[in-house]
>>> print(open('input_23.txt').read())   # compact mmCIF, C-alpha atoms
# COMPACT_ATOMS: atom_id res chain seq x y z
CA MET A 1 81.46 63.28 60.23
CA THR A 2 78.53 63.24 62.57
CA GLY A 3 76.35 64.92 59.89
CA ILE A 4 77.40 62.45 57.24
CA PHE A 5 76.67 59.55 59.59
CA ARG A 6 73.15 60.87 60.34
CA THR A 7 72.47 61.33 56.65
CA ALA A 8 73.47 57.72 55.92
CA ILE A 9 71.18 56.38 58.68
CA LEU A 10 68.22 58.44 57.36
CA PHE A 11 68.79 57.22 53.76
CA THR A 12 68.93 53.58 54.90
CA ALA A 13 65.68 53.95 56.86
CA CYS A 14 63.91 55.48 53.85
CA CYS A 15 65.00 52.66 51.59
CA ALA A 16 63.82 50.06 54.11
CA MET A 17 60.38 51.72 54.36
CA SER A 18 60.15 51.84 50.56
CA GLU A 19 60.94 48.12 50.22
CA PHE A 20 58.38 47.24 52.94
CA GLY A 21 55.69 49.26 51.15
CA TYR A 22 56.45 47.58 47.81
CA ALA A 23 56.22 44.10 49.39
CA GLN A 24 52.79 44.92 50.87
CA SER A 25 51.61 46.23 47.50
CA VAL A 26 52.69 43.02 45.75
CA ALA A 27 50.98 40.88 48.40
CA ARG A 28 47.71 42.82 48.03
CA SER A 29 47.91 42.53 44.25
CA THR A 30 48.37 38.75 44.48
CA ASP A 31 45.44 38.37 46.86
CA THR A 32 43.23 40.45 44.57
CA SER A 33 44.21 38.31 41.57
CA LYS A 34 43.25 35.16 43.46
CA ASN A 35 39.91 36.67 44.38
CA ILE A 36 39.25 37.68 40.79
CA GLN A 37 40.11 34.21 39.52
CA HIS A 38 37.82 32.66 42.12
CA THR A 39 35.01 35.07 41.29
CA PHE A 40 35.13 34.41 37.54
CA ALA A 41 35.65 30.62 37.69
CA PRO A 42 33.62 28.96 34.87
CA LEU A 43 30.24 27.55 35.91
CA LYS A 44 29.40 23.94 35.15
CA THR A 45 26.53 23.75 32.65
CA LYS A 46 23.89 21.03 32.95
CA GLY A 47 23.23 18.81 29.93
CA PRO A 48 19.78 17.71 28.71
CA LYS A 49 17.71 15.65 31.12
CA PRO A 50 18.22 11.88 30.52
CA ILE A 51 15.42 10.14 28.61
CA SER A 52 13.60 7.62 30.84
CA HIS A 53 10.05 7.06 29.46
CA GLU A 54 8.45 6.19 26.13
CA LEU A 55 4.84 6.21 24.92
CA SER A 56 3.98 5.02 21.41
CA ALA A 57 1.21 3.61 19.27
CA GLY A 58 1.10 1.80 15.96
CA ILE A 59 -0.63 -0.38 13.41
CA ARG A 60 0.34 -3.90 12.45
CA ALA A 61 -0.26 -5.92 9.28
CA ASN A 62 -0.36 -9.64 10.06
CA THR A 63 -0.43 -12.52 7.61
CA ASN A 64 -3.79 -13.46 9.16
CA GLY A 65 -5.31 -10.07 9.95
CA GLY A 66 -4.45 -6.68 11.41
CA SER A 67 -3.86 -4.96 14.75
CA GLY A 68 -3.63 -1.66 16.58
CA PHE A 69 -1.48 -1.31 19.69
CA ILE A 70 -0.15 1.01 22.40
CA ASP A 71 3.24 0.62 24.15
CA ILE A 72 4.12 2.16 27.52
CA GLY A 73 7.81 1.76 28.27
CA ARG A 74 10.58 2.67 30.70
CA ILE A 75 14.04 3.14 29.21
CA LYS A 76 16.96 1.29 30.79
CA SER A 77 20.50 2.44 29.96
CA LYS A 78 23.92 1.88 31.53
CA ASP A 79 25.05 5.17 30.00
CA ILE A 80 22.47 7.63 31.39
CA LYS A 81 23.96 10.61 29.53
CA HIS A 82 23.33 8.88 26.19
CA SER A 83 20.13 7.02 27.01
CA ASP A 84 18.47 8.53 23.93
CA MET A 85 20.99 6.76 21.67
CA PHE A 86 21.96 3.56 23.50
CA TYR A 87 19.08 2.06 25.41
CA ASN A 88 16.93 -0.95 26.32
CA ILE A 89 13.22 -0.74 27.18
CA ARG A 90 10.88 -2.66 29.46
CA PHE A 91 7.33 -2.10 28.25
CA TRP A 92 3.67 -2.96 28.63
CA GLN A 93 1.68 -3.45 25.43
CA ILE A 94 -2.06 -3.35 24.81
CA GLU A 95 -3.18 -4.69 21.43
CA LEU A 96 -6.49 -5.28 19.68
CA THR A 97 -6.26 -7.67 16.75
CA GLU A 98 -8.61 -9.37 14.29
CA LYS A 99 -7.87 -12.87 13.03
CA GLN A 100 -8.84 -13.82 9.50
CA SER A 101 -8.57 -17.04 7.54
CA PRO A 102 -6.28 -17.09 4.47
CA LYS A 103 -9.29 -18.51 2.60
CA GLU A 104 -11.39 -15.45 3.41
CA LYS A 105 -12.30 -13.40 0.31
CA LYS A 106 -14.86 -10.75 -0.49
CA SER A 107 -17.75 -11.69 -2.76
CA THR A 108 -20.54 -9.69 -4.39
CA SER A 109 -24.20 -10.70 -4.29
CA GLN A 110 -26.57 -10.42 -7.25
CA ASN A 111 -27.82 -7.06 -6.00
CA GLY A 112 -24.28 -5.69 -5.62
CA ASN A 113 -23.82 -6.03 -1.83
CA LYS A 114 -20.51 -7.22 -0.38
CA TYR A 115 -20.05 -10.25 1.88
CA LYS A 116 -17.49 -12.94 2.67
CA TYR A 117 -18.54 -16.30 1.36
CA GLY A 118 -18.10 -19.18 3.81
CA LYS A 119 -17.20 -16.96 6.77
CA ILE A 120 -19.13 -18.02 9.87
CA ASN A 121 -17.45 -16.15 12.73
CA ASN A 122 -15.56 -12.93 13.45
CA PHE A 123 -12.72 -13.36 15.91
CA PHE A 124 -11.03 -10.52 17.78
CA ALA A 125 -8.48 -10.65 20.60
CA LEU A 126 -7.55 -8.13 23.26
CA LYS A 127 -3.97 -8.78 24.37
CA LEU A 128 -2.07 -7.47 27.38
CA GLY A 129 1.66 -8.21 27.27
CA ARG A 130 4.93 -7.49 29.03
CA GLY A 131 8.08 -7.22 26.92
CA TYR A 132 11.70 -6.22 26.64
CA THR A 133 13.49 -4.32 23.88
CA LYS A 134 17.21 -5.12 23.80
CA MET A 135 19.62 -3.02 21.73
CA ILE A 136 21.71 -4.95 19.20
CA ALA A 137 23.32 -2.04 17.34
CA GLY A 138 23.26 1.55 18.59
CA LYS A 139 23.42 4.84 16.72
CA PRO A 140 26.09 7.49 17.30
CA ASP A 141 23.66 10.30 16.64
CA PRO A 142 19.85 10.72 16.64
CA GLY A 143 19.70 10.92 12.85
CA SER A 144 20.81 7.34 12.18
CA VAL A 145 19.22 3.91 12.77
CA SER A 146 19.40 1.65 15.81
CA ILE A 147 18.41 -2.03 15.79
CA HIS A 148 16.72 -3.81 18.69
CA TRP A 149 15.51 -7.33 19.45
CA ILE A 150 12.05 -7.55 21.02
CA TYR A 151 10.47 -10.41 22.91
CA ALA A 152 7.12 -10.24 24.70
CA GLY A 153 4.26 -12.34 25.99
CA GLY A 154 1.11 -12.18 28.06
CA LEU A 155 -2.59 -12.88 28.32
CA SER A 156 -5.17 -12.80 25.52
CA VAL A 157 -8.94 -12.55 25.66
CA GLY A 158 -10.53 -13.87 22.46
CA MET A 159 -13.95 -12.57 21.36
CA LEU A 160 -15.91 -14.84 19.01
CA LYS A 161 -18.91 -13.25 17.25
CA PRO A 162 -21.26 -14.96 14.75
CA TYR A 163 -21.18 -13.65 11.18
CA TYR A 164 -24.70 -12.86 9.90
CA LEU A 165 -26.04 -12.74 6.36
CA ASN A 166 -29.25 -11.48 4.78
CA VAL A 167 -30.80 -14.09 2.47
CA TYR A 168 -33.81 -14.05 0.13
CA SER A 169 -35.41 -17.09 1.75
CA ASP A 170 -35.68 -15.59 5.26
CA PRO A 171 -36.90 -12.14 6.38
CA ASN A 172 -34.48 -12.27 9.30
CA ALA A 173 -30.70 -12.30 9.14
CA ILE A 174 -29.25 -15.76 9.61
CA LYS A 175 -26.03 -17.22 10.99
CA TYR A 176 -24.34 -20.51 10.21
CA ASP A 177 -25.97 -23.44 12.00
CA GLU A 178 -27.55 -26.75 11.04
CA GLY A 179 -30.95 -25.18 10.35
CA HIS A 180 -29.59 -22.47 7.98
CA LYS A 181 -26.51 -24.21 6.59
CA ASP A 182 -27.82 -24.68 3.03
CA ASP A 183 -29.08 -21.10 2.59
CA PHE A 184 -25.96 -19.67 4.25
CA LEU A 185 -23.71 -21.35 1.68
CA ASN A 186 -25.96 -20.85 -1.35
CA GLN A 187 -24.48 -17.87 -3.24
CA TYR A 188 -27.72 -17.41 -5.24
CA MET A 189 -29.68 -16.91 -2.02
CA ILE A 190 -27.34 -14.39 -0.36
CA GLU A 191 -28.28 -10.69 -0.36
CA GLY A 192 -25.25 -9.48 1.61
CA ASN A 193 -23.86 -9.17 5.12
CA THR A 194 -25.65 -7.36 7.93
CA GLY A 195 -22.76 -5.14 9.09
CA PRO A 196 -20.48 -5.31 12.13
CA PHE A 197 -23.06 -4.78 14.91
CA LYS A 198 -25.36 -7.75 14.40
CA GLY A 199 -24.46 -10.49 16.90
CA LEU A 200 -22.67 -8.31 19.46
CA ASN A 201 -24.95 -9.69 22.19
CA GLU A 202 -23.75 -13.22 21.34
CA ILE A 203 -20.00 -12.68 21.80
CA LYS A 204 -18.19 -15.51 23.56
CA PHE A 205 -15.04 -14.71 25.53
CA ILE A 206 -12.22 -17.22 25.23
CA PRO A 207 -9.06 -16.92 27.39
CA GLY A 208 -5.59 -17.61 26.02
CA PHE A 209 -2.00 -16.39 25.88
CA HIS A 210 0.40 -14.98 23.28
CA LEU A 211 4.14 -14.78 22.55
CA LYS A 212 6.11 -12.78 20.01
CA SER A 213 9.66 -12.07 18.88
CA ALA A 214 10.79 -9.37 16.45
CA LEU A 215 13.44 -7.00 15.17
CA HIS A 216 12.75 -3.31 15.74
CA PHE A 217 14.38 -0.55 13.64
CA ASP A 218 14.39 2.91 15.23
CA PHE A 219 14.47 5.78 12.68
CA SER A 220 13.79 8.61 15.16
CA ALA A 221 15.10 11.97 13.94
CA ASN A 222 15.55 13.41 17.44
CA ARG A 223 15.89 12.24 21.02
CA LYS A 224 12.26 12.92 22.02
CA SER A 225 10.41 11.23 19.16
CA VAL A 226 9.63 7.62 18.26
CA LEU A 227 9.51 6.39 14.68
CA GLY A 228 10.07 2.69 14.21
CA VAL A 229 9.42 -0.27 11.95
CA GLU A 230 9.12 -3.76 13.37
CA ALA A 231 9.11 -7.20 11.72
CA GLY A 232 8.54 -10.43 13.59
CA VAL A 233 6.51 -13.53 14.39
CA ASN A 234 3.53 -13.99 16.71
CA PHE A 235 1.93 -17.05 18.36
CA GLU A 236 -1.44 -17.24 20.15
CA TYR A 237 -3.14 -20.15 21.90
CA TYR A 238 -6.73 -20.27 23.18
CA SER A 239 -8.59 -22.60 25.51
CA GLN A 240 -11.23 -23.43 22.89
CA GLN A 241 -11.28 -24.48 19.24
CA ILE A 242 -12.17 -21.54 16.99
CA GLN A 243 -13.73 -21.92 13.55
CA LEU A 244 -13.69 -18.98 11.16
CA MET A 245 -14.78 -20.60 7.88
CA ALA A 246 -17.47 -23.18 7.18
CA ASN A 247 -15.24 -25.40 5.06
CA GLN A 248 -12.09 -25.09 7.22
CA PRO A 249 -11.20 -26.97 10.43
CA ALA A 250 -11.35 -25.26 13.81
CA THR A 251 -8.10 -24.43 15.59
CA ALA A 252 -7.02 -23.35 19.06
CA TYR A 253 -3.82 -21.60 17.95
CA PHE A 254 -2.75 -18.95 15.47
CA ALA A 255 0.77 -18.31 14.18
CA ASP A 256 1.63 -15.41 11.90
CA MET A 257 4.31 -13.03 10.70
CA TYR A 258 3.84 -9.28 10.89
CA VAL A 259 5.19 -5.84 10.01
CA SER A 260 4.29 -2.78 12.08
CA LEU A 261 4.72 0.99 11.99
CA GLN A 262 5.17 2.72 15.36
CA PHE A 263 5.29 6.39 16.38
CA GLY A 264 5.25 8.33 19.66
CA LYS A 265 7.38 10.34 22.09
CA ARG A 266 10.06 10.01 24.79
CA TRP A 267 10.68 12.15 27.85
>>> encode(input="input_23.txt", output="structure tokens")
Amino acid sequence: MTGIFRTAILFTACCAMSEFGYAQSVARSTDTSKNIQHTFAPLKTKGPKPISHELSAGIRANTNGGSGFIDIGRIKSKDIKHSDMFYNIRFWQIELTEKQSPKEKKSTSQNGNKYKYGKINNFFALKLGRGYTKMIAGKPDPGSVSIHWIYAGGLSVGMLKPYYLNVYSDPNAIKYDEGHKDDFLNQYMIEGNTGPFKGLNEIKFIPGFHLKSALHFDFSANRKSVLGVEAGVNFEYYSQQIQLMANQPATAYFADMYVSLQFGKRW
């Protein structure tokens, strides 16, 4: 009996040791699994950097002339992750424009030279403006169109330059004044215009201001490019009466409609 009893105690001890070893093995396996899961946890990937700046340039066809301009803007968006699709812009604009009278037409002299009959002054304006582009309708992807409302205003510096003609009756180029009025308006006496540089030393600078409002259509194909068409109205007022044509009254203000094409980049 004593032998049987010792055998039973030894068997029980072996079983207990076996169970203890199995429990430790399971615990180590669980810890290793946790470590593996922690080691291979998926990394968070960063998306593209939000768009925040815009630089663009364009040309503008006005009902009373033409312009070239540069826009420098900062993009404002409540949804930073999608600022390339849903955005507003605060911008500075620099524009150089030429004002022409609707009565202004090209003529040809007897010797075949071109000139503009009745034109007495060239008028250019350098404009510095501050504006805001507000989104009206956004685009769900960069390949579609977004629509924005633009309003802007600022200072203008008008530049008035006399328009000179060459005439048969005078060896020197003449401008419109009381002493040369008859020859200046006599088509049989006109040889042609003198070109754009004559009279540059006589430019008068005239201060003023300008306002505009427009709809802007953004056709950009990707998030870092600018391709837009704009249609709107423009108003300018100057501190002095400006006369462009001999037979037309002088005016201190200009109002026009325009269409522009704009291209550039965002970053």
>>> residues_around(input="input_23.txt", residues="stretch 60-67 of chain A", least_positions_apart="4", cutoff="7 Å", atoms="only C-alpha atoms", output="PyMOL selection string")
chain A and resi 95-102+256-261
>>> residues_around(input="input_23.txt", residues="A:Met135", least_positions_apart="6", cutoff="9 Å", atoms="all atoms listed in the file", output="PyMOL selection string")
chain A and resi 86-89+146-150
>>> residues_around(input="input_23.txt", residues="A:Tyr238", least_positions_apart="6", cutoff="7 Å", atoms="all atoms listed in the file", output="list in words")
Ile206, Pro207, Gly208, Phe209, Ala252 and Tyr253 of chain A
>>> atom_distance(input="input_23.txt", atom1="atom CA of A:Ile136", atom2="atom CA of A:Gln93")
21.0 Å
>>> atom_distance(input="input_23.txt", atom1="atom CA of A:Phe254", atom2="atom CA of A:Asn234")
8.1 Å
>>> residues_around(input="input_23.txt", residues="stretch 171-187 of chain A", least_positions_apart="4", cutoff="10 Å", atoms="all atoms listed in the file", output="PyMOL selection string")
chain A and resi 107-110+117-121+162-167+191-194+198-199+245-247
>>> closest_residue(input="input_23.txt", among="A:Lys134, A:Arg266, A:Lys212, A:Lys204", to="A:Ile72", atoms="all atoms listed in the file")
A:Arg266
